[in-house]
Amino acid sequence: MHLNADLTHLVTTDTVVVANNRQVLAFKYTFSKQQPLTQLPNILSWQQYLKHYWQSQQTHNALRLIDATEQRYLIESSLQQFDQTRQTQLTNEVIKNYDYCINHLIELDTLAQSKIQICEVFTDWIKHYQKTKHNLKLIDANDLPALLLKDKDSLQAPHVYGFKTLTPLQQQVFNALNYQTIGAQYTHETEQKCFDNSTHEIKAAALWAKHQQAENPNQSIAVVCPQLSEMQYLLSSIFDQTFDDLLTETGQKSYNISLGLPLSHYTLIQDLLSLLELNAQIKANHIQTTLFNQVVTSVYLRGYQLERSARHLLTNHALSLSLEYFQLEHLEEAFTQCPILLDMFQTTQLNDLKNQLLSEHLLSFNAVLTHWGFATDRPLSSSEYQLFNKYLISSLKLNQLSHHQNKCSTTTALQQLKDINNQTVFQAQSSQTNVQIIGSLEAEGLRFDKAWVMGMSHDFLPAKLNAPRFISTDIAIHHAITHSSYELIQTDAQNTLDNLCSLSNRVILSYAKSHLALEQLPSPLVYFDTESITPPDTPVNTCATESLQDDTSTWYTQTEVKSGVGLLKDQMACAFKGFAHRLNLARYDEPHIGLDRREQGNAIHNALQYIYQEIDSKEVLLQLAPAELGTLIDQKVYAALKRHPSSGYKAIEKIRLTQLLHKFIETDKARENFRVLATEQSVRVDIAGLSFNTRLDRLDQMDNGDQIVFDYKTGDTSTAKWCSADIIEPQLPIYSVTNNTQGAAFIELNSSAVSFKGLSKDPDSLPKQSRRKSSCQEWDQQLELWTQRLNQASQDFQSGQAQVLPNKTACDYCEFDLLCRIQK
């Protein structure tokens with residue numbers, strides 16, 4: 001990594017200002033190569049240059065420079081003065097717009113006079129913040145350029161390099177200092193590659209980088225990824241496999257990903273913060289089950305290696321309580337197998353948590369970590385050691401905030417510590433390697449021997465329109481804030497492309513037609529032949545293919561099948577759909593937000609299973625007092641949803657599920673006397689030679705001895721789905737023909753009503769509402785019809801019947817579109 005610029009005219013006493021820290025390293029390397037016997041000049045990034053100026057003025061200045069954490073705290077305090085709820089996204093946006101105003105020379109009075117309410121409100125927030133700074137004799141990084149301009153006559157003229165576009169503020173400062181530009185001359189050519197998907201694109205780039213490194217170990221190699229943050233894990237996974245770096249420490253890898261993540265994204269810090277939160281809950285003796293299980297199984301807690309198995313068993317005991325929160329007494333016996341853990345719990349005092357200053361809370365937090373022996377049970381790896389040290393340094397910022405925060409609760413102090421960890425970025429020390437994976441911004445202005453720029457999609461260049469939230473559009477455009485107009489976006493995109501194409505004499509630009517199953521278009525600034533797909537350089541193993549008749553396959557010789565109910569259902573709906581089960585195709589859940597319909601169905605099935613494992617008859621159900629019933633339902637709903645992470649969606653589903661269960665149980669109370677024989681029981685069945693498992697939701701026995709099998713459904717149902725030419729819902733018919741039952745029914749559970757729909761040998765065995773006119777025969781006759789149709793479907797599947805003859809509902813949710821020739 002170097003620069004393609006002539007630096008021989010620079011001397012030791014010169015000051016050089018570059019765009020970013022990576023350019024600082026490249027500038028130093030290039031200068032040392034061009035003038036090996038000369039001491040380096042003062043080379044600084046823009047932010048370093050401002051702070052360097054301030055440090056030179058500190059001896060005769062009464063003001064104090066605050067860092068980003070303290071600035072953020074004071075801005076949040078100003079927002080609260082205007083009754084704004086504390087929200088991370090809002091604070092981030094305010095800080096970003098404040099930076100825009102400073103860097104683009106936008107006066108607050110200009111915004112205040114815009115007659116746009118949100119601009120006026122923003123102005124009030126920032127003026128309050130600036131007044132607070134003035135009263136406390138503080139300044140932030142945005143105040144430094146104005147102070148520097150006052151002293152411009154005493155400052156040296158800088159040399160400037162590597163800025164894609166100077167902001168109006170930078171231009172003003174450099175003009176006032178009579179700066180000189182260091183130019184660079186680049187010659188280059190590009191090669192375009194198109195891939196089917198981003199995985200193939202990354203694989204090809206990794207193989208290319210490995211080949212280049214092997215061919216010349218001393219050359220610098222860059223792989224530029226504009227979506228570096230989003231694709232970090234996919235990149236590291238593929239590069240690890242390609243370079244054989246699996247389970248290798250960051251400092252020893254053959255490549256380096258130049259990306260830091262917030263401290264709170266790392267497991268060690270997550271466990272640390274969870275421990276502090278659990279310690280506070282222990283003092284209050286009100287312990288969250290999920291948090292307890294996370295902490296006691298942490299590898300960083302003292303004694304984990306000795307008590308690992310016992311601690312995981314302890315979490316099972318905690319889960320068996322089926323409580324969201326519990327007290328220590330509930331696990332008194334289970335703790336005996338974990339003496340080290342028990343001692344740490346017992347020596348944590350049970351008392352009220354008092355309010356303290358943030359600096360005092362920090363001492364308490366450190367004492368907690370010592371008490372629990374956090375990160376002392378085993379030697380830390382190099383990355384973990386660096387990470388823990390970074391946390392210790394960043395946590396000292398609580399001392400800074402103590403100047404502004406009155407005494408507060410442990411919860412408030414812990415939230416401040418979490419905020420600091422969310423804002424503090426950490427990257428483990430990288431290895432001395434020539435293969436660098438970097439983002440597009442930090443790549444600009446650099447020069448490598450070889451370079452590959454991936455992700456050249458329409459989402460990257462040009463960027464999307466993104467005007468500031470608190471600065472009106474006309475003001476933003478007038479002051480040339482990037483991405484606030486299409487003209488500015490176009491100019492910025494072309495500058496970015498020119499910089500990326502100048503990374504090397506020959507630069508590869510690549511684009512993937514899809515990413516995570518989403519289609520992408522190429523950047524309109526670069527020509528890609530989208531018909532010419534570059535395959536990843538990987539060996540392809542060929543396999544023999546077998547020709548089959550179009551509508552009939554070979555005989556199926558296996559007697560045991562998976563998902564037998566679905567197989568027979570599909571075979572009756574469409575013979576080809578049934579045949580497709582032979583292919584053993586993998587099925588994947590569609591990405592979704594919250595709980596999807598399948599997860600909602602599983603939750604209600606599980607909750608009903610837990611309830612009727614305890615309530616085994618109508619008599620017991622009627623004996624429950626309303627309060628007891630409510631407690632029982634709450635416990636079982638919690639147990640049914642506990643595997644899902646806490647969220648607003650989960651809270652809403654908990655309310656919905658609780659209301660639905662109350663409604664169902666009231667309906668169940670109105671039935672004839674029953675006794676629950678089984679719930680969610682797996683049963684082995686055989687249909688004309690096909691053997692598989694099916695699961696019954698519930699089996700009841702009535703006073704007359706009849707056994708009725710039930711299937712819970714959260715959507716609309718009808719017995720017509722059993723009694724048409726093709727059995728659309730075959731689960732209960734399959735169970736009924738293979739077991740001695742005298743009735744079957746759907747239990748329809750939805751928000752509007754709870755109802756039973758089915759048929760039985762004795763009409764009184766089911767509620768009257770279920771006995772409606774339908775195409776079904778009497779029970780014994782219906783069993784014979786079911787037996788005939790199910791046996792025929794089984795024999796058709798085994799004989800290889802694969803005709804594409806779907807019934808009217810077969811294609812609704814079919815997953816075999818790419819295999820089937822039916823036009824939908």
# chains A, B, ... in the order shown; residues from 1 in each chain; ligands from 1
>>> select_by_dssp(residues="stretch 47-286 of chain A", states="strand (DSSP E or B)", output="list of chain:residue names")
A:Arg64, A:Leu65, A:Leu138, A:Ile139, A:His159, A:Val160, A:Tyr161, A:Gln180, A:Thr181, A:Glu189, A:Thr190, A:Glu191, A:Gln192, A:Lys193, A:Cys194, A:Phe195, A:Ile221, A:Ala222, A:Val223, A:Val224, A:Asn256, A:Ile257, A:Leu261, A:Pro262
>>> residues_around(residues="A:Asn389", least_positions_apart="2", cutoff="12 Å", atoms="only C-alpha atoms", output="PyMOL selection string")
chain A and resi 263+268-269+375+380+382-387+391-396+426+428
>>> closest_atom_pairs(of="stretch 239-305 of chain A", to="stretch 432-440 of chain A", cutoff="12 Å", atoms="only C-alpha atoms", output="tab-separated table")
residue	atom	partner	partner_atom	distance
A:Phe239	CA	A:Ile437	CA	10.0
A:Phe243	CA	A:Val435	CA	10.9
A:Thr250	CA	A:Gln432	CA	10.7
A:Gly251	CA	A:Gln432	CA	7.9
A:Gln252	CA	A:Gln432	CA	8.1
A:Lys253	CA	A:Thr433	CA	7.9
A:Ser254	CA	A:Thr433	CA	6.1
A:Tyr255	CA	A:Val435	CA	4.8
A:Asn256	CA	A:Gln436	CA	5.1
A:Ile257	CA	A:Ile437	CA	4.7
A:Ser258	CA	A:Ile438	CA	5.2
A:Leu259	CA	A:Ile438	CA	7.4
A:Gly260	CA	A:Ile438	CA	11.0
>>> write_last_selection(atoms="C-alpha atoms", output="mmCIF file, in the first residue's frame")
data_model
loop_
_atom_site.group_PDB
_atom_site.id
_atom_site.type_symbol
_atom_site.label_atom_id
_atom_site.label_comp_id
_atom_site.auth_asym_id
_atom_site.auth_seq_id
_atom_site.Cartn_x
_atom_site.Cartn_y
_atom_site.Cartn_z
ATOM 1 C CA PHE A 239 -11.479 -16.085 2.857
ATOM 2 C CA PHE A 243 -6.559 -19.294 2.782
ATOM 3 C CA THR A 250 -6.812 -12.467 13.843
ATOM 4 C CA GLY A 251 -3.176 -11.436 14.237
ATOM 5 C CA GLN A 252 -1.989 -14.530 12.349
ATOM 6 C CA LYS A 253 -4.362 -14.627 9.372
ATOM 7 C CA SER A 254 -3.113 -14.498 5.794
ATOM 8 C CA TYR A 255 -5.359 -11.519 5.095
ATOM 9 C CA ASN A 256 -6.732 -8.558 7.022
ATOM 10 C CA ILE A 257 -10.302 -7.243 7.038
ATOM 11 C CA SER A 258 -10.164 -3.553 7.841
ATOM 12 C CA LEU A 259 -13.380 -3.250 9.798
ATOM 13 C CA GLY A 260 -14.031 -2.588 13.445
#
>>> residues_around(residues="stretch 496-498 of chain A", least_positions_apart="3", cutoff="9 Å", atoms="only C-alpha atoms", output="list in words")
Lys164, Ser440, Leu441, Glu444, Leu461, Thr491, Asp492, Ala493, Cys501, Ser502, Leu525 and Val526 of chain A
>>> residues_around(residues="stretch 743-745 of chain A", least_positions_apart="4", cutoff="12 Å", atoms="only C-alpha atoms", output="ChimeraX atom specification")
/A:696-702,705-713,717-722,729-737,739,755-767,769-771,778-780,782-783
>>> write_last_selection(atoms="C-alpha atoms", output="mmCIF file, in the first residue's frame")
data_model
loop_
_atom_site.group_PDB
_atom_site.id
_atom_site.type_symbol
_atom_site.label_atom_id
_atom_site.label_comp_id
_atom_site.auth_asym_id
_atom_site.auth_seq_id
_atom_site.Cartn_x
_atom_site.Cartn_y
_atom_site.Cartn_z
ATOM 1 C CA LEU A 696 -51.803 -36.330 16.775
ATOM 2 C CA ASP A 697 -52.555 -33.051 18.497
ATOM 3 C CA ARG A 698 -54.932 -34.530 21.050
ATOM 4 C CA LEU A 699 -56.889 -37.732 21.783
ATOM 5 C CA ASP A 700 -59.932 -37.630 24.111
ATOM 6 C CA GLN A 701 -62.126 -40.379 25.531
ATOM 7 C CA MET A 702 -65.805 -39.605 26.114
ATOM 8 C CA GLY A 705 -66.091 -44.908 25.595
ATOM 9 C CA ASP A 706 -65.625 -43.252 22.188
ATOM 10 C CA GLN A 707 -62.116 -42.029 21.387
ATOM 11 C CA ILE A 708 -62.019 -38.770 19.402
ATOM 12 C CA VAL A 709 -58.856 -37.461 17.718
ATOM 13 C CA PHE A 710 -58.429 -33.695 17.289
ATOM 14 C CA ASP A 711 -56.301 -31.472 15.061
ATOM 15 C CA TYR A 712 -55.714 -27.845 16.111
ATOM 16 C CA LYS A 713 -56.057 -25.384 13.219
ATOM 17 C CA THR A 717 -61.315 -25.504 8.102
ATOM 18 C CA SER A 718 -64.030 -27.752 6.712
ATOM 19 C CA THR A 719 -64.851 -31.462 6.817
ATOM 20 C CA ALA A 720 -65.165 -31.200 3.027
ATOM 21 C CA LYS A 721 -61.335 -31.394 3.021
ATOM 22 C CA TRP A 722 -61.743 -35.029 4.140
ATOM 23 C CA GLU A 729 -56.177 -32.736 4.950
ATOM 24 C CA PRO A 730 -55.224 -36.413 5.445
ATOM 25 C CA GLN A 731 -53.636 -36.303 8.930
ATOM 26 C CA LEU A 732 -56.736 -37.291 10.938
ATOM 27 C CA PRO A 733 -57.994 -39.793 8.328
ATOM 28 C CA ILE A 734 -54.569 -41.496 8.407
ATOM 29 C CA TYR A 735 -54.675 -41.766 12.182
ATOM 30 C CA SER A 736 -58.295 -42.898 12.188
ATOM 31 C CA VAL A 737 -57.825 -45.775 9.705
ATOM 32 C CA ASN A 739 -56.107 -46.764 15.124
ATOM 33 C CA SER A 755 -65.302 -24.057 16.962
ATOM 34 C CA PHE A 756 -65.274 -27.835 16.461
ATOM 35 C CA LYS A 757 -65.760 -29.261 12.954
ATOM 36 C CA GLY A 758 -65.789 -33.022 12.470
ATOM 37 C CA LEU A 759 -67.687 -36.266 12.420
ATOM 38 C CA SER A 760 -68.114 -39.155 14.860
ATOM 39 C CA LYS A 761 -69.824 -42.495 15.202
ATOM 40 C CA ASP A 762 -71.967 -41.215 18.101
ATOM 41 C CA PRO A 763 -73.287 -37.710 17.282
ATOM 42 C CA ASP A 764 -73.198 -36.780 21.008
ATOM 43 C CA SER A 765 -69.417 -37.283 21.188
ATOM 44 C CA LEU A 766 -68.858 -33.895 19.511
ATOM 45 C CA PRO A 767 -70.478 -30.498 20.151
ATOM 46 C CA GLN A 769 -72.017 -27.084 16.197
ATOM 47 C CA SER A 770 -69.693 -29.627 14.569
ATOM 48 C CA ARG A 771 -72.533 -31.786 13.205
ATOM 49 C CA GLU A 778 -71.476 -42.254 8.249
ATOM 50 C CA TRP A 779 -68.392 -42.992 10.316
ATOM 51 C CA ASP A 780 -67.844 -46.672 9.399
ATOM 52 C CA GLN A 782 -66.184 -43.006 5.774
ATOM 53 C CA LEU A 783 -63.381 -45.074 7.290
#
